[in-house]
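What follows is a short report on a single structure.
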Amino acid sequence: MTVPAAPHPETRADDVAGKGVGEGAGERVRAAVREAVAGHAPALLDLSRRLHAEPETAFEEHKSAALCAELLAAHGFEVTAPAHGLDTAFRATIGSGPVTVAIACEYDALPGLGHACGHNLIAAAGVGAALGLASYADELGLTVRVIGTPAEERGAGKALLLDAGAFDGVDAAMMVHPCPFEMADFRSFALGTLDVTYTGRAAHPSLNPHEGRNAADALTVAQVALGLLRQQLPPQWRVHGITTAAGTAPNVIPDRATASYEIRALAAEDLRELRQRVEDCFRAGALATGCEVTLERPEPDYLDFRGDPELLRLWTANARELGRAEPVERPPFACTDMGNVSHVVPSIHPVLDISGGACGPHEAAFAEAAISPAAEQALLDGAVGMAWTAADFAAART
């Protein structure tokens with residue numbers, strides 16, 4: 001596992017205000033940042049492997065958050081943990097420059113699949129970028145803020161942190177994500193969740209069925225309505241879900257039925273319209289059967305991700321310098337609560353290939369890929385690439 005060799009510091013003696021490869025930070029500082037990440041590589045790889053070995057799900061990431069925070073604290077970062085009202089969030093800061101860059105570290109795992117989305121790599125790359133910048137933050141005019149962001153898979157932790165002020169005063173935010181291909185200009189769906197509960201009246205299906213109000217039938221009516229609605233939805237709108245309860249015995253008319261649904265649209269504005277139409281289908285089920293329905297949002301909406309053009313340009317140049325594959329262009333294919341951040345703060349969310357297309361996130365095989373040599377190289381490249389991009393961004397503003 002290697003970090004690509006840095007140019008010798010004497011090759012170019014540009015100062016921080018000079019023009020380096022990324023048209024920002026000087027070549028001397030870029031080389032030093034790369035060497036710093038290389039020096040921390042053993043600790044970063046160990047962090048990734050330890051997170052992978054002990055996966056923790058949304059809002060339960062106590063060990064994972066602590067491992068990241070402790071490594072940062074050991075290298076001079078001022079750490080607050082827990083932070084911003086979330087037990088498994090942290091905030092680590094170094095530098096006092098006028099430009100504040102936030103680096104997001106995800107570390108939650110998937111129930112039953114472990115790190116099949118590679119968040120062990122995201123966390124370690126974020127910590128690595130911060131460690132690479134630590135000794136040069138003031139020289140670069142940077143304040144580096146690392147934000148430990150729990151519950152990306154379910155819970156919209158970044159949306160909660162955004163509301164709590166974790167990203168206040170931030171000039172740019174960034175993270176990297178493992179994937180089966182390379183992509184700079186990441187795009188995502190907006191995502192909403194919906195929990196549905198029907199309450200009816202139990203009765204004997206033979207003795208007194210006329211006295212019952214069948215909650216399972218209410219859900220069936222709603223699902224039929226949703227199936228018909230899909231015919232008239234735009235191609236990129238999605239509605240999908242599961243029944244979580246619909247009775248306990250065939251000889252009892254169910255008085256309770258529940259379901260969990262997700263809705264997706266290309267933009268946050270479209271999501272609001274889609275939610276209204278989907279909720280009307282569930283209300284129709286209640287109206288048709290005489291049941292009552294409760295509709296709840298278990299988490300904030302995930303907004304569509306909107307990459308910042310300047311940061312994308314800087315990242316793309318730096319990724320090329322690191323020898324990463326040329327990025328592909330794809331339509332939205334996933335959701336992330338980093339989208340919420342991108343609506344408020346200039347942001348990037350590039351994805352790095354770790355499997356060569358052999359498997360993708362949320363597959364068991366991807367959990368194995370997340371500790372492969374290709375994944376660990378992506379971790380180190382992501383750390384250097386983010387550090388360089390942060391340095392170039394600051395240099396353009398100071």
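Ordered as shown in the structure tokens, chains take letters A, B, and onward, while each chain numbers its residues from 1 and ligands are numbered from 1 in the order shown.
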**OP:** Show which residues sit within 7 Å of range 187-198 of chain A, as an NGL selection string. Count only C-alpha atoms, and ignore same-chain residues fewer than 6 positions away.
**Re:** :A and (215 or 256-268 or 271 or 291-299 or 301-306 or 331-336)
Please produce an output containing N, CA, C and O atoms for each residue in the selection, written as a CSV table (one decimal), in the first residue's frame.
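Okay, part.csv is ready:
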```
chain,number,residue,atom,x,y,z
A,215,ALA,N,-57.6,-3.7,9.4
A,215,ALA,CA,-56.4,-2.8,9.1
A,215,ALA,C,-55.5,-3.4,8.0
A,215,ALA,O,-54.9,-2.6,7.2
A,256,ARG,N,-54.6,-3.9,13.5
A,256,ARG,CA,-53.4,-3.1,13.4
A,256,ARG,C,-52.6,-3.6,12.2
A,256,ARG,O,-52.4,-4.8,12.0
A,257,ALA,N,-52.1,-2.7,11.4
A,257,ALA,CA,-51.2,-3.0,10.3
A,257,ALA,C,-50.2,-1.9,10.1
A,257,ALA,O,-50.6,-0.7,10.3
A,258,THR,N,-49.0,-2.2,9.9
A,258,THR,CA,-48.0,-1.2,9.7
A,258,THR,C,-47.1,-1.4,8.5
A,258,THR,O,-47.0,-2.6,8.0
A,259,ALA,N,-46.6,-0.4,8.0
A,259,ALA,CA,-45.7,-0.5,6.8
A,259,ALA,C,-44.6,0.6,6.9
A,259,ALA,O,-44.8,1.6,7.6
A,260,SER,N,-43.5,0.4,6.2
A,260,SER,CA,-42.4,1.3,6.2
A,260,SER,C,-42.1,1.6,4.7
A,260,SER,O,-41.8,0.6,4.0
A,261,TYR,N,-42.1,2.8,4.3
A,261,TYR,CA,-41.9,3.2,2.9
A,261,TYR,C,-40.8,4.2,2.7
A,261,TYR,O,-40.6,5.0,3.6
A,262,GLU,N,-40.2,4.2,1.5
A,262,GLU,CA,-39.3,5.2,1.1
A,262,GLU,C,-39.8,5.8,-0.3
A,262,GLU,O,-40.3,5.1,-1.1
A,263,ILE,N,-39.6,7.1,-0.4
A,263,ILE,CA,-39.9,7.8,-1.7
A,263,ILE,C,-38.6,8.5,-2.1
A,263,ILE,O,-37.9,9.0,-1.3
A,264,ARG,N,-38.4,8.6,-3.5
A,264,ARG,CA,-37.2,9.2,-4.0
A,264,ARG,C,-37.6,10.1,-5.2
A,264,ARG,O,-38.5,9.6,-6.0
A,265,ALA,N,-37.0,11.2,-5.4
A,265,ALA,CA,-37.2,12.1,-6.5
A,265,ALA,C,-35.9,12.8,-6.8
A,265,ALA,O,-34.9,12.7,-6.0
A,266,LEU,N,-35.8,13.4,-8.0
A,266,LEU,CA,-34.5,14.0,-8.4
A,266,LEU,C,-34.1,15.2,-7.6
A,266,LEU,O,-33.0,15.5,-7.5
A,267,ALA,N,-35.1,15.9,-7.1
A,267,ALA,CA,-34.9,17.1,-6.4
A,267,ALA,C,-35.8,17.2,-5.2
A,267,ALA,O,-36.9,16.6,-5.1
A,268,ALA,N,-35.4,18.0,-4.2
A,268,ALA,CA,-36.1,18.2,-3.0
A,268,ALA,C,-37.5,18.7,-3.3
A,268,ALA,O,-38.5,18.4,-2.6
A,271,LEU,N,-39.8,16.0,-4.3
A,271,LEU,CA,-40.0,15.1,-3.2
A,271,LEU,C,-41.3,15.5,-2.4
A,271,LEU,O,-42.1,14.7,-2.0
A,291,CYS,N,-60.9,2.5,8.8
A,291,CYS,CA,-59.8,2.5,9.8
A,291,CYS,C,-59.3,3.9,9.9
A,291,CYS,O,-59.6,4.8,9.2
A,292,GLU,N,-58.5,4.0,10.9
A,292,GLU,CA,-57.7,5.3,11.1
A,292,GLU,C,-56.3,5.0,10.7
A,292,GLU,O,-55.7,3.9,10.8
A,293,VAL,N,-55.6,6.1,10.2
A,293,VAL,CA,-54.3,6.0,9.7
A,293,VAL,C,-53.4,7.1,10.4
A,293,VAL,O,-53.9,8.2,10.5
A,294,THR,N,-52.2,6.7,10.8
A,294,THR,CA,-51.2,7.6,11.3
A,294,THR,C,-50.0,7.6,10.3
A,294,THR,O,-49.5,6.5,10.1
A,295,LEU,N,-49.6,8.7,9.9
A,295,LEU,CA,-48.4,8.8,9.0
A,295,LEU,C,-47.3,9.6,9.7
A,295,LEU,O,-47.6,10.7,10.1
A,296,GLU,N,-46.2,9.0,9.8
A,296,GLU,CA,-45.1,9.6,10.5
A,296,GLU,C,-43.8,9.6,9.7
A,296,GLU,O,-43.5,8.7,8.9
A,297,ARG,N,-43.0,10.7,9.9
A,297,ARG,CA,-41.7,10.7,9.3
A,297,ARG,C,-40.6,10.3,10.3
A,297,ARG,O,-40.4,11.1,11.2
A,298,PRO,N,-40.0,9.2,10.2
A,298,PRO,CA,-39.1,8.7,11.2
A,298,PRO,C,-37.7,9.5,11.2
A,298,PRO,O,-37.0,9.4,12.2
A,299,GLU,N,-37.5,10.2,10.2
A,299,GLU,CA,-36.2,10.9,10.1
A,299,GLU,C,-36.4,12.1,9.1
A,299,GLU,O,-37.3,12.1,8.3
A,301,ASP,N,-35.9,14.4,5.8
A,301,ASP,CA,-35.7,14.1,4.4
A,301,ASP,C,-34.2,14.2,4.1
A,301,ASP,O,-33.5,15.1,4.6
A,302,TYR,N,-33.7,13.3,3.2
A,302,TYR,CA,-32.4,13.5,2.6
A,302,TYR,C,-32.5,14.3,1.3
A,302,TYR,O,-33.3,13.9,0.4
A,303,LEU,N,-31.9,15.4,1.2
A,303,LEU,CA,-32.0,16.2,0.0
A,303,LEU,C,-31.0,15.8,-1.0
A,303,LEU,O,-30.0,15.1,-0.8
A,304,ASP,N,-31.3,16.1,-2.3
A,304,ASP,CA,-30.4,15.8,-3.4
A,304,ASP,C,-29.1,16.5,-3.3
A,304,ASP,O,-29.0,17.6,-2.8
A,305,PHE,N,-28.0,15.8,-3.6
A,305,PHE,CA,-26.7,16.3,-3.5
A,305,PHE,C,-26.4,17.3,-4.7
A,305,PHE,O,-26.6,16.9,-5.9
A,306,ARG,N,-25.8,18.4,-4.4
A,306,ARG,CA,-25.5,19.4,-5.4
A,306,ARG,C,-24.0,19.8,-5.2
A,306,ARG,O,-23.7,20.6,-4.3
A,331,PRO,N,-26.3,9.1,-14.0
A,331,PRO,CA,-27.4,9.8,-13.3
A,331,PRO,C,-27.5,9.4,-11.9
A,331,PRO,O,-26.8,8.5,-11.4
A,332,PRO,N,-28.3,10.1,-11.1
A,332,PRO,CA,-28.5,9.8,-9.7
A,332,PRO,C,-28.7,8.3,-9.4
A,332,PRO,O,-29.5,7.7,-10.2
A,333,PHE,N,-28.1,7.7,-8.4
A,333,PHE,CA,-28.3,6.3,-8.2
A,333,PHE,C,-28.3,6.0,-6.7
A,333,PHE,O,-28.5,4.8,-6.3
A,334,ALA,N,-28.2,6.9,-5.8
A,334,ALA,CA,-28.2,6.7,-4.4
A,334,ALA,C,-28.7,7.9,-3.7
A,334,ALA,O,-29.2,8.9,-4.3
A,335,CYS,N,-28.7,7.9,-2.3
A,335,CYS,CA,-29.1,9.0,-1.5
A,335,CYS,C,-28.1,9.2,-0.4
A,335,CYS,O,-27.5,8.2,0.1
A,336,THR,N,-27.9,10.4,0.0
A,336,THR,CA,-27.0,10.7,1.1
A,336,THR,C,-27.5,11.9,1.9
A,336,THR,O,-28.0,12.9,1.3
```
Subject >> Backbone DSSP call of alpha helix (DSSP H) for range 105-278 of chain A, listed as a VMD selection string >> reply: chain A and resid 119 to 134 137 to 140 157 to 163 215 to 229 268 to 278
Would you list the contacts of range 57-61 of chain A as an mmCIF file with N, CA and C atoms, in the first residue's frame, taking every protein, DNA or RNA residue within 10 Å and counting only C-alpha atoms, but skipping same-chain residues closer than 2 positions in sequence?
```
data_model
loop_
_atom_site.group_PDB
_atom_site.id
_atom_site.type_symbol
_atom_site.label_atom_id
_atom_site.label_comp_id
_atom_site.auth_asym_id
_atom_site.auth_seq_id
_atom_site.Cartn_x
_atom_site.Cartn_y
_atom_site.Cartn_z
ATOM 1 N N LEU A 51 -12.550 -0.352 12.570
ATOM 2 C CA LEU A 51 -13.952 0.001 12.352
ATOM 3 C C LEU A 51 -14.678 -1.126 11.628
ATOM 4 N N GLU A 54 -15.544 -4.169 13.891
ATOM 5 C CA GLU A 54 -16.593 -3.985 14.898
ATOM 6 C C GLU A 54 -17.642 -3.003 14.375
ATOM 7 N N PRO A 55 -18.448 -3.429 13.410
ATOM 8 C CA PRO A 55 -19.431 -2.518 12.820
ATOM 9 C C PRO A 55 -20.521 -2.131 13.814
ATOM 10 N N LYS A 63 -17.964 3.133 19.831
ATOM 11 C CA LYS A 63 -16.548 2.789 19.670
ATOM 12 C C LYS A 63 -15.969 3.432 18.417
ATOM 13 N N SER A 64 -16.734 3.426 17.354
ATOM 14 C CA SER A 64 -16.246 3.966 16.083
ATOM 15 C C SER A 64 -15.931 5.453 16.211
ATOM 16 N N ALA A 65 -16.852 6.196 16.789
ATOM 17 C CA ALA A 65 -16.624 7.629 16.975
ATOM 18 C C ALA A 65 -15.423 7.875 17.874
ATOM 19 N N ALA A 66 -15.316 7.084 18.928
ATOM 20 C CA ALA A 66 -14.209 7.259 19.870
ATOM 21 C C ALA A 66 -12.860 6.984 19.215
ATOM 22 N N LEU A 86 -25.806 14.892 19.709
ATOM 23 C CA LEU A 86 -25.834 13.482 19.304
ATOM 24 C C LEU A 86 -24.727 12.735 20.029
ATOM 25 N N ASP A 87 -25.088 11.645 20.686
ATOM 26 C CA ASP A 87 -24.135 10.913 21.519
ATOM 27 C C ASP A 87 -22.954 10.359 20.738
ATOM 28 N N THR A 88 -23.167 10.047 19.460
ATOM 29 C CA THR A 88 -22.079 9.426 18.698
ATOM 30 C C THR A 88 -21.538 10.364 17.610
ATOM 31 N N ALA A 89 -21.733 11.649 17.810
ATOM 32 C CA ALA A 89 -21.094 12.650 16.945
ATOM 33 C C ALA A 89 -19.907 13.250 17.682
ATOM 34 N N GLU A 106 -18.127 9.558 8.108
ATOM 35 C CA GLU A 106 -19.206 8.607 8.384
ATOM 36 C C GLU A 106 -18.596 7.325 8.930
ATOM 37 N N TYR A 107 -19.304 6.658 9.838
ATOM 38 C CA TYR A 107 -18.774 5.403 10.377
ATOM 39 C C TYR A 107 -19.869 4.428 10.790
ATOM 40 N N ASP A 108 -21.118 4.681 10.424
ATOM 41 C CA ASP A 108 -22.172 3.714 10.755
ATOM 42 C C ASP A 108 -22.175 2.577 9.740
ATOM 43 N N ALA A 109 -22.616 1.419 10.197
ATOM 44 C CA ALA A 109 -22.669 0.216 9.365
ATOM 45 C C ALA A 109 -24.125 -0.166 9.099
ATOM 46 N N LEU A 110 -24.290 -1.152 8.227
ATOM 47 C CA LEU A 110 -25.616 -1.637 7.864
ATOM 48 C C LEU A 110 -26.017 -2.818 8.739
ATOM 49 N N PRO A 111 -27.252 -2.858 9.216
ATOM 50 C CA PRO A 111 -27.701 -4.019 10.004
ATOM 51 C C PRO A 111 -27.552 -5.305 9.198
ATOM 52 N N GLY A 112 -26.863 -6.268 9.775
ATOM 53 C CA GLY A 112 -26.719 -7.567 9.139
ATOM 54 C C GLY A 112 -25.666 -7.650 8.053
ATOM 55 N N GLY A 114 -22.804 -5.302 8.046
ATOM 56 C CA GLY A 114 -21.560 -4.653 8.455
ATOM 57 C C GLY A 114 -21.233 -3.475 7.560
ATOM 58 N N HIS A 115 -19.947 -3.335 7.233
ATOM 59 C CA HIS A 115 -19.524 -2.173 6.447
ATOM 60 C C HIS A 115 -19.622 -2.456 4.946
ATOM 61 N N THR A 149 -20.031 12.133 11.803
ATOM 62 C CA THR A 149 -21.448 12.218 11.439
ATOM 63 C C THR A 149 -22.100 10.845 11.512
ATOM 64 N N PRO A 150 -22.808 10.555 12.578
ATOM 65 C CA PRO A 150 -23.454 9.252 12.709
ATOM 66 C C PRO A 150 -24.677 9.114 11.808
ATOM 67 N N ALA A 151 -25.129 7.875 11.668
ATOM 68 C CA ALA A 151 -26.466 7.566 11.134
ATOM 69 C C ALA A 151 -26.710 8.086 9.729
ATOM 70 N N GLU A 152 -25.786 7.799 8.814
ATOM 71 C CA GLU A 152 -26.050 8.151 7.417
ATOM 72 C C GLU A 152 -26.994 7.146 6.790
ATOM 73 N N GLU A 153 -26.852 5.870 7.153
ATOM 74 C CA GLU A 153 -27.677 4.840 6.526
ATOM 75 C C GLU A 153 -29.157 4.973 6.881
ATOM 76 N N ARG A 154 -29.434 5.335 8.090
ATOM 77 C CA ARG A 154 -30.819 5.548 8.513
ATOM 78 C C ARG A 154 -30.805 6.492 9.702
ATOM 79 N N GLY A 155 -31.406 7.647 9.546
ATOM 80 C CA GLY A 155 -31.435 8.601 10.630
ATOM 81 C C GLY A 155 -31.073 10.016 10.220
ATOM 82 N N ALA A 156 -30.426 10.164 9.031
ATOM 83 C CA ALA A 156 -30.069 11.486 8.508
ATOM 84 C C ALA A 156 -29.280 12.302 9.522
ATOM 85 N N GLY A 157 -28.197 11.704 10.031
ATOM 86 C CA GLY A 157 -27.395 12.375 11.053
ATOM 87 C C GLY A 157 -26.899 13.741 10.639
#
```
**OP:** Identify which of the residues A:Asn120, A:Ser206, A:Thr199, A:Gln232 lies closest to Gly247 in chain A, counting only C-alpha atoms when measuring atom-to-atom distances.
**Re:**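 Ranked by minimum distance to Gly247 in chain A, first place goes to A:Thr199.
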Which residues are close to range 377-384 of chain A, i.e. within 10 Å by only C-alpha atoms, leaving aside same-chain residues fewer than 2 positions away? Reply as a PDB file with C-alpha atoms, in the first residue's frame.
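Okay, this is what ended up in selection29.pdb:
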```
ATOM      1  CA  MET A   1       0.000   0.000   0.000  1.00  0.00           C
ATOM      2  CA  THR A   2       1.533   3.269  -1.091  1.00  0.00           C
ATOM      3  CA  VAL A   3       0.848   6.941  -1.192  1.00  0.00           C
ATOM      4  CA  PRO A   4       2.185   8.122  -4.585  1.00  0.00           C
ATOM      5  CA  ARG A  30       1.391  19.916  -1.304  1.00  0.00           C
ATOM      6  CA  ALA A  31       4.404  17.639  -1.118  1.00  0.00           C
ATOM      7  CA  VAL A  33       0.868  17.251   3.053  1.00  0.00           C
ATOM      8  CA  ARG A  34       1.239  14.106   0.961  1.00  0.00           C
ATOM      9  CA  GLU A  35       4.222  13.016   3.029  1.00  0.00           C
ATOM     10  CA  ALA A  36       2.245  13.637   6.223  1.00  0.00           C
ATOM     11  CA  VAL A  37      -0.552  11.354   5.050  1.00  0.00           C
ATOM     12  CA  ALA A  38       2.039   8.723   4.107  1.00  0.00           C
ATOM     13  CA  HIS A  40       0.101   8.407   9.144  1.00  0.00           C
ATOM     14  CA  ALA A  41      -0.794   5.547   6.753  1.00  0.00           C
ATOM     15  CA  LEU A  44      -5.154   5.153   9.150  1.00  0.00           C
ATOM     16  CA  LEU A  45      -5.224   1.606   7.796  1.00  0.00           C
ATOM     17  CA  SER A  48     -10.214   1.417   8.939  1.00  0.00           C
ATOM     18  CA  ASN A 120     -14.844   2.469   7.557  1.00  0.00           C
ATOM     19  CA  LEU A 121     -12.978   3.926   4.581  1.00  0.00           C
ATOM     20  CA  ILE A 122     -14.883   7.210   4.673  1.00  0.00           C
ATOM     21  CA  ALA A 123     -14.013   7.777   8.312  1.00  0.00           C
ATOM     22  CA  ALA A 124     -10.352   6.853   7.929  1.00  0.00           C
ATOM     23  CA  ALA A 125      -9.928   8.960   4.771  1.00  0.00           C
ATOM     24  CA  GLY A 126     -11.498  11.945   6.522  1.00  0.00           C
ATOM     25  CA  VAL A 127      -9.226  11.560   9.527  1.00  0.00           C
ATOM     26  CA  GLY A 128      -6.278  11.146   7.142  1.00  0.00           C
ATOM     27  CA  ALA A 129      -7.052  14.344   5.262  1.00  0.00           C
ATOM     28  CA  ALA A 130      -7.235  16.251   8.533  1.00  0.00           C
ATOM     29  CA  LEU A 131      -3.975  14.791   9.809  1.00  0.00           C
ATOM     30  CA  GLY A 132      -2.308  15.663   6.516  1.00  0.00           C
ATOM     31  CA  LEU A 133      -3.351  19.301   6.912  1.00  0.00           C
ATOM     32  CA  MET A 175     -16.015  13.649   2.046  1.00  0.00           C
ATOM     33  CA  VAL A 176     -15.218  10.689  -0.211  1.00  0.00           C
ATOM     34  CA  HIS A 177     -17.197   7.475  -0.640  1.00  0.00           C
ATOM     35  CA  PRO A 178     -16.185   4.024  -1.933  1.00  0.00           C
ATOM     36  CA  TRP A 315     -10.806  17.737  -6.749  1.00  0.00           C
ATOM     37  CA  ASN A 318      -5.949  16.525  -7.724  1.00  0.00           C
ATOM     38  CA  ALA A 319      -7.430  13.088  -8.393  1.00  0.00           C
ATOM     39  CA  LEU A 322      -2.828  11.067  -7.799  1.00  0.00           C
ATOM     40  CA  GLY A 323      -3.335   8.726 -10.748  1.00  0.00           C
ATOM     41  CA  ARG A 324      -6.982   7.924 -10.054  1.00  0.00           C
ATOM     42  CA  PRO A 350     -16.546  12.184  -4.991  1.00  0.00           C
ATOM     43  CA  VAL A 351     -16.666   8.390  -5.149  1.00  0.00           C
ATOM     44  CA  LEU A 352     -13.605   6.174  -5.475  1.00  0.00           C
ATOM     45  CA  ASP A 353     -13.533   2.779  -7.143  1.00  0.00           C
ATOM     46  CA  ILE A 354     -12.660  -0.098  -4.806  1.00  0.00           C
ATOM     47  CA  ALA A 370     -13.910  -2.485   1.885  1.00  0.00           C
ATOM     48  CA  ILE A 371     -10.735  -3.985   3.388  1.00  0.00           C
ATOM     49  CA  SER A 372      -9.091  -4.956   0.108  1.00  0.00           C
ATOM     50  CA  PRO A 373      -5.790  -3.491  -1.142  1.00  0.00           C
ATOM     51  CA  ALA A 374      -7.712  -1.414  -3.702  1.00  0.00           C
ATOM     52  CA  ALA A 375      -9.911  -0.011  -0.936  1.00  0.00           C
ATOM     53  CA  MET A 386      -9.214  16.033   0.080  1.00  0.00           C
ATOM     54  CA  ALA A 387      -6.267  17.630   1.854  1.00  0.00           C
ATOM     55  CA  TRP A 388      -4.953  19.071  -1.411  1.00  0.00           C
ATOM     56  CA  THR A 389      -8.412  20.289  -2.393  1.00  0.00           C
ATOM     57  CA  ALA A 390      -8.879  22.003   0.968  1.00  0.00           C
TER      58      ALA A 390
END
```
**OP:** Give me the residues within 9 Å of Pro254 in chain A as JSON, numbers by chain, counting only C-alpha atoms and dropping any in the same chain fewer than 5 places off.
**Re:** {"A": [199, 200, 201, 202, 203, 212, 213, 214, 215, 216, 217, 246, 247, 248, 249]}
Selected residues written out with all heavy atoms, as an mmCIF file, in the first residue's frame:
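Once everything was written out, this is again13.cif:
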```
data_model
loop_
_atom_site.group_PDB
_atom_site.id
_atom_site.type_symbol
_atom_site.label_atom_id
_atom_site.label_comp_id
_atom_site.auth_asym_id
_atom_site.auth_seq_id
_atom_site.Cartn_x
_atom_site.Cartn_y
_atom_site.Cartn_z
ATOM 1 N N THR A 199 -55.129 1.590 12.270
ATOM 2 C CA THR A 199 -55.816 1.075 13.452
ATOM 3 C C THR A 199 -57.260 0.781 13.084
ATOM 4 O O THR A 199 -57.982 1.673 12.613
ATOM 5 C CB THR A 199 -55.771 2.086 14.602
ATOM 6 O OG1 THR A 199 -54.403 2.415 14.885
ATOM 7 C CG2 THR A 199 -56.417 1.508 15.858
ATOM 8 N N GLY A 200 -57.655 -0.462 13.266
ATOM 9 C CA GLY A 200 -59.018 -0.878 12.954
ATOM 10 C C GLY A 200 -59.734 -1.425 14.177
ATOM 11 O O GLY A 200 -59.520 -0.945 15.290
ATOM 12 N N ARG A 201 -60.547 -2.466 13.965
ATOM 13 C CA ARG A 201 -61.278 -3.086 15.072
ATOM 14 C C ARG A 201 -61.242 -4.593 14.868
ATOM 15 O O ARG A 201 -61.627 -5.099 13.809
ATOM 16 C CB ARG A 201 -62.726 -2.593 15.093
ATOM 17 C CG ARG A 201 -63.538 -3.131 16.276
ATOM 18 C CD ARG A 201 -64.998 -2.729 16.151
ATOM 19 N NE ARG A 201 -65.130 -1.289 15.988
ATOM 20 C CZ ARG A 201 -66.151 -0.727 15.339
ATOM 21 N NH1 ARG A 201 -67.086 -1.480 14.764
ATOM 22 N NH2 ARG A 201 -66.222 0.594 15.249
ATOM 23 N N ALA A 202 -60.766 -5.313 15.873
ATOM 24 C CA ALA A 202 -60.684 -6.767 15.784
ATOM 25 C C ALA A 202 -62.075 -7.384 15.880
ATOM 26 O O ALA A 202 -62.969 -6.856 16.560
ATOM 27 C CB ALA A 202 -59.787 -7.307 16.890
ATOM 28 N N ALA A 203 -62.244 -8.504 15.194
ATOM 29 C CA ALA A 203 -63.502 -9.252 15.252
ATOM 30 C C ALA A 203 -63.247 -10.662 14.753
ATOM 31 O O ALA A 203 -62.202 -10.939 14.127
ATOM 32 C CB ALA A 203 -64.578 -8.577 14.408
ATOM 33 N N GLY A 212 -66.007 -5.859 12.394
ATOM 34 C CA GLY A 212 -64.580 -5.599 12.275
ATOM 35 C C GLY A 212 -64.261 -4.447 11.334
ATOM 36 O O GLY A 212 -65.068 -4.055 10.488
ATOM 37 N N ARG A 213 -63.098 -3.892 11.516
ATOM 38 C CA ARG A 213 -62.520 -2.916 10.609
ATOM 39 C C ARG A 213 -61.099 -3.398 10.313
ATOM 40 O O ARG A 213 -60.224 -3.323 11.173
ATOM 41 C CB ARG A 213 -62.489 -1.506 11.223
ATOM 42 C CG ARG A 213 -63.858 -0.940 11.546
ATOM 43 C CD ARG A 213 -64.634 -0.619 10.264
ATOM 44 N NE ARG A 213 -65.925 -0.003 10.570
ATOM 45 C CZ ARG A 213 -67.062 -0.685 10.724
ATOM 46 N NH1 ARG A 213 -67.063 -2.018 10.625
ATOM 47 N NH2 ARG A 213 -68.193 -0.059 10.984
ATOM 48 N N ASN A 214 -60.899 -3.916 9.114
ATOM 49 C CA ASN A 214 -59.701 -4.688 8.809
ATOM 50 C C ASN A 214 -58.522 -3.782 8.434
ATOM 51 O O ASN A 214 -58.480 -3.196 7.350
ATOM 52 C CB ASN A 214 -60.001 -5.656 7.667
ATOM 53 C CG ASN A 214 -58.938 -6.724 7.515
ATOM 54 O OD1 ASN A 214 -57.746 -6.442 7.565
ATOM 55 N ND2 ASN A 214 -59.376 -7.968 7.334
ATOM 56 N N ALA A 215 -57.569 -3.675 9.353
ATOM 57 C CA ALA A 215 -56.405 -2.813 9.120
ATOM 58 C C ALA A 215 -55.523 -3.354 7.999
ATOM 59 O O ALA A 215 -54.926 -2.569 7.246
ATOM 60 C CB ALA A 215 -55.595 -2.677 10.405
ATOM 61 N N ALA A 216 -55.445 -4.666 7.862
ATOM 62 C CA ALA A 216 -54.658 -5.245 6.774
ATOM 63 C C ALA A 216 -55.275 -4.926 5.420
ATOM 64 O O ALA A 216 -54.565 -4.676 4.437
ATOM 65 C CB ALA A 216 -54.524 -6.753 6.958
ATOM 66 N N ASP A 217 -56.613 -4.905 5.366
ATOM 67 C CA ASP A 217 -57.278 -4.524 4.116
ATOM 68 C C ASP A 217 -57.002 -3.068 3.772
ATOM 69 O O ASP A 217 -56.849 -2.703 2.598
ATOM 70 C CB ASP A 217 -58.792 -4.737 4.235
ATOM 71 C CG ASP A 217 -59.189 -6.199 4.148
ATOM 72 O OD1 ASP A 217 -58.306 -7.041 3.866
ATOM 73 O OD2 ASP A 217 -60.377 -6.511 4.371
ATOM 74 N N ALA A 246 -49.271 -7.145 9.885
ATOM 75 C CA ALA A 246 -50.600 -7.156 9.252
ATOM 76 C C ALA A 246 -51.453 -8.267 9.841
ATOM 77 O O ALA A 246 -52.082 -9.041 9.139
ATOM 78 C CB ALA A 246 -50.488 -7.311 7.748
ATOM 79 N N GLY A 247 -51.467 -8.354 11.162
ATOM 80 C CA GLY A 247 -52.258 -9.391 11.826
ATOM 81 C C GLY A 247 -51.391 -10.463 12.442
ATOM 82 O O GLY A 247 -50.194 -10.593 12.124
ATOM 83 N N THR A 248 -52.009 -11.234 13.328
ATOM 84 C CA THR A 248 -51.269 -12.279 14.047
ATOM 85 C C THR A 248 -51.827 -13.671 13.851
ATOM 86 O O THR A 248 -51.153 -14.654 14.126
ATOM 87 C CB THR A 248 -51.261 -11.965 15.552
ATOM 88 O OG1 THR A 248 -52.615 -11.848 16.016
ATOM 89 C CG2 THR A 248 -50.508 -10.667 15.830
ATOM 90 N N ALA A 249 -53.074 -13.782 13.388
ATOM 91 C CA ALA A 249 -53.692 -15.088 13.179
ATOM 92 C C ALA A 249 -54.784 -14.956 12.129
ATOM 93 O O ALA A 249 -55.453 -13.911 12.047
ATOM 94 C CB ALA A 249 -54.287 -15.618 14.484
#
```
Original post:
Neighbours of range 163-166 of chain A within 9 Å (only C-alpha atoms; same-chain residues fewer than 2 positions away dropped), as a list in words?
Top reply: Ala83, His84, Gly85, Arg91, Ile147, Lys158, Ala159, Leu160, Leu161, Asp168, Gly169 and Val170 of chain A
Could the residues in this selection be saved with C-alpha atoms as a tab-separated table (two decimals), in the first residue's frame?
```
chain	number	residue	atom	x	y	z
A	83	ALA	CA	-21.16	16.98	20.04
A	84	HIS	CA	-24.19	18.92	18.83
A	85	GLY	CA	-26.70	16.89	20.80
A	91	ARG	CA	-16.14	17.67	16.42
A	147	ILE	CA	-17.23	16.34	12.00
A	158	LYS	CA	-25.98	15.20	8.94
A	159	ALA	CA	-29.41	16.83	8.65
A	160	LEU	CA	-29.65	16.78	12.44
A	161	LEU	CA	-26.11	18.14	12.78
A	168	ASP	CA	-22.14	26.98	10.87
A	169	GLY	CA	-19.31	29.17	9.61
A	170	VAL	CA	-18.05	26.50	7.19
```
